[in-house]
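Notes to accompany the following structure.
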Amino acid sequence: MFVLELTYTGPLDRVDELLPEHVAWLDTHYASGVFIASGRKNPRDGGVILAVGDDRARIEAITATDPFVTGGLCAYRVTEFLATRTAPGLSAYRQSLPAPGQ
């Protein structure tokens, strides 16, 4: 599981111009099952995406294609974690800790 935190590096008026392209990009990755939640930060200086996957390099490659990134408007911070506890509705995403010594 990954937390993708994006921080705007450009002006909000440009962010708003690219927002429809960003939303289409989000839709693509929701449809593929990689993204499970997303939204704006408050205050509005970026956003957060929860993503699932086993390959950090793949997740980083996906973030590199965000229109906000290709448009020079944001930077991503990718944090990987093991979701060992979830709400019942997210039980399909629950993970196990690795065996000792791994």
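We label chains A, B, ... in the order they appear in the structure tokens, count residues from 1 in each chain, and number ligands from 1 in the order shown.
Omitting segment 11-17 of chain A and its sequence neighbours fewer than 6 positions away, and counting only C-alpha atoms, the residues within 12 Å are Val23, Arg40, Arg44, Asp45, Gly46, Gly47, Asp66, Pro67, Phe68, Val69, Thr70, Gly71, Gly72, Leu73 and Cys74 of chain A.
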DSSP helix (DSSP H, G or I) selection over chain A, as a ChimeraX atom specification = /A:12-31,56-64,67-70,88-93
Near Arg94 of chain A, counting only C-alpha atoms, which residues have an atom at most 8 Å away, once you skip same-chain residues fewer than 5 positions from it, shown as a PDB file with all heavy atoms, in the first residue's frame?
```
ATOM      1  N   ALA A  83      -0.639  -2.233   5.331  1.00  0.00           N
ATOM      2  CA  ALA A  83      -1.962  -1.981   5.907  1.00  0.00           C
ATOM      3  C   ALA A  83      -2.393  -3.224   6.685  1.00  0.00           C
ATOM      4  O   ALA A  83      -3.187  -4.027   6.211  1.00  0.00           O
ATOM      5  CB  ALA A  83      -2.959  -1.630   4.813  1.00  0.00           C
ATOM      6  N   THR A  84      -1.868  -3.367   7.888  1.00  0.00           N
ATOM      7  CA  THR A  84      -2.154  -4.564   8.682  1.00  0.00           C
ATOM      8  C   THR A  84      -3.492  -4.486   9.402  1.00  0.00           C
ATOM      9  O   THR A  84      -3.993  -5.511   9.868  1.00  0.00           O
ATOM     10  CB  THR A  84      -1.036  -4.809   9.710  1.00  0.00           C
ATOM     11  OG1 THR A  84      -0.880  -3.649  10.525  1.00  0.00           O
ATOM     12  CG2 THR A  84       0.280  -5.126   9.006  1.00  0.00           C
ATOM     13  N   ARG A  85      -4.078  -3.296   9.479  1.00  0.00           N
ATOM     14  CA  ARG A  85      -5.407  -3.119  10.060  1.00  0.00           C
ATOM     15  C   ARG A  85      -6.197  -2.226   9.128  1.00  0.00           C
ATOM     16  O   ARG A  85      -5.683  -1.223   8.620  1.00  0.00           O
ATOM     17  CB  ARG A  85      -5.321  -2.473  11.433  1.00  0.00           C
ATOM     18  CG  ARG A  85      -4.618  -3.395  12.428  1.00  0.00           C
ATOM     19  CD  ARG A  85      -4.782  -2.922  13.815  1.00  0.00           C
ATOM     20  NE  ARG A  85      -6.208  -2.872  14.132  1.00  0.00           N
ATOM     21  CZ  ARG A  85      -6.684  -2.798  15.362  1.00  0.00           C
ATOM     22  NH1 ARG A  85      -5.871  -2.757  16.378  1.00  0.00           N
ATOM     23  NH2 ARG A  85      -7.968  -2.750  15.586  1.00  0.00           N
ATOM     24  N   THR A  86      -7.446  -2.590   8.904  1.00  0.00           N
ATOM     25  CA  THR A  86      -8.325  -1.804   8.042  1.00  0.00           C
ATOM     26  C   THR A  86      -9.734  -1.807   8.611  1.00  0.00           C
ATOM     27  O   THR A  86     -10.093  -2.678   9.412  1.00  0.00           O
ATOM     28  CB  THR A  86      -8.388  -2.375   6.612  1.00  0.00           C
ATOM     29  OG1 THR A  86      -8.987  -3.679   6.667  1.00  0.00           O
ATOM     30  CG2 THR A  86      -7.024  -2.452   5.951  1.00  0.00           C
TER      31      THR A  86
END
```
inquiry  = Just to confirm, what's the straight-line distance from atom CA of Arg58 of chain A to atom CA of Tyr8 of chain A in Å (one decimal)?
reply    = 21.9 Å
task = Can you work out the spacing between atom CA of Thr7 of chain A and atom CA of Ser32 of chain A in Å, to one decimal?
result =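 Value for the atom CA of Thr7 of chain A-atom CA of Ser32 of chain A distance: 23.9 Å.
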inquiry  = as a list of chain:residue names, please: every residue in segment 17-57 of chain A that DSSP puts in strand (DSSP E).
reply    =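 Residues of segment 17-57 of chain A classed as strand (DSSP E): A:Phe35, A:Ile36, A:Ala37, A:Ser38, A:Gly39, A:Arg40, A:Gly46, A:Gly47, A:Val48, A:Ile49, A:Leu50, A:Ala51.
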query = In Å, how far is it from atom CA of Gln95 of chain A to atom CA of Asp54 of chain A?
reply = 11.1 Å
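Of the residues under consideration (A:Pro20, A:Tyr93, A:Ala75, A:Thr65), A:Tyr93 shows the shortest atom-to-atom contact distance to Gly33 of chain A when counting only C-alpha atoms.
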query = With only C-alpha atoms as the atoms that count, which of A:Leu50, A:Ala64, A:Ala57, A:Leu18 lies nearest to Met1 of chain A?
reply =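 Ranked by minimum distance to Met1 of chain A, first place goes to A:Leu50.
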message = For Ile49 of chain A, find every residue with an atom within 7 Å (counting only C-alpha atoms), except residues of its own chain fewer than 6 positions away, and show them as a ChimeraX atom specification.
response = /A:3-5,35,37-39
ask   = Taking only C-alpha atoms into account, which of A:Glu21, A:Tyr76, A:Leu26, A:Ile36 comes nearest Ala92 of chain A?
value =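 That would be A:Ile36, the residue with the smallest distance to Ala92 of chain A.
Proximity to Glu60 of chain A was assessed for A:Leu90, A:Val48, A:Val78, A:Leu19 counting only C-alpha atoms; the smallest distance is recorded for A:Val78.
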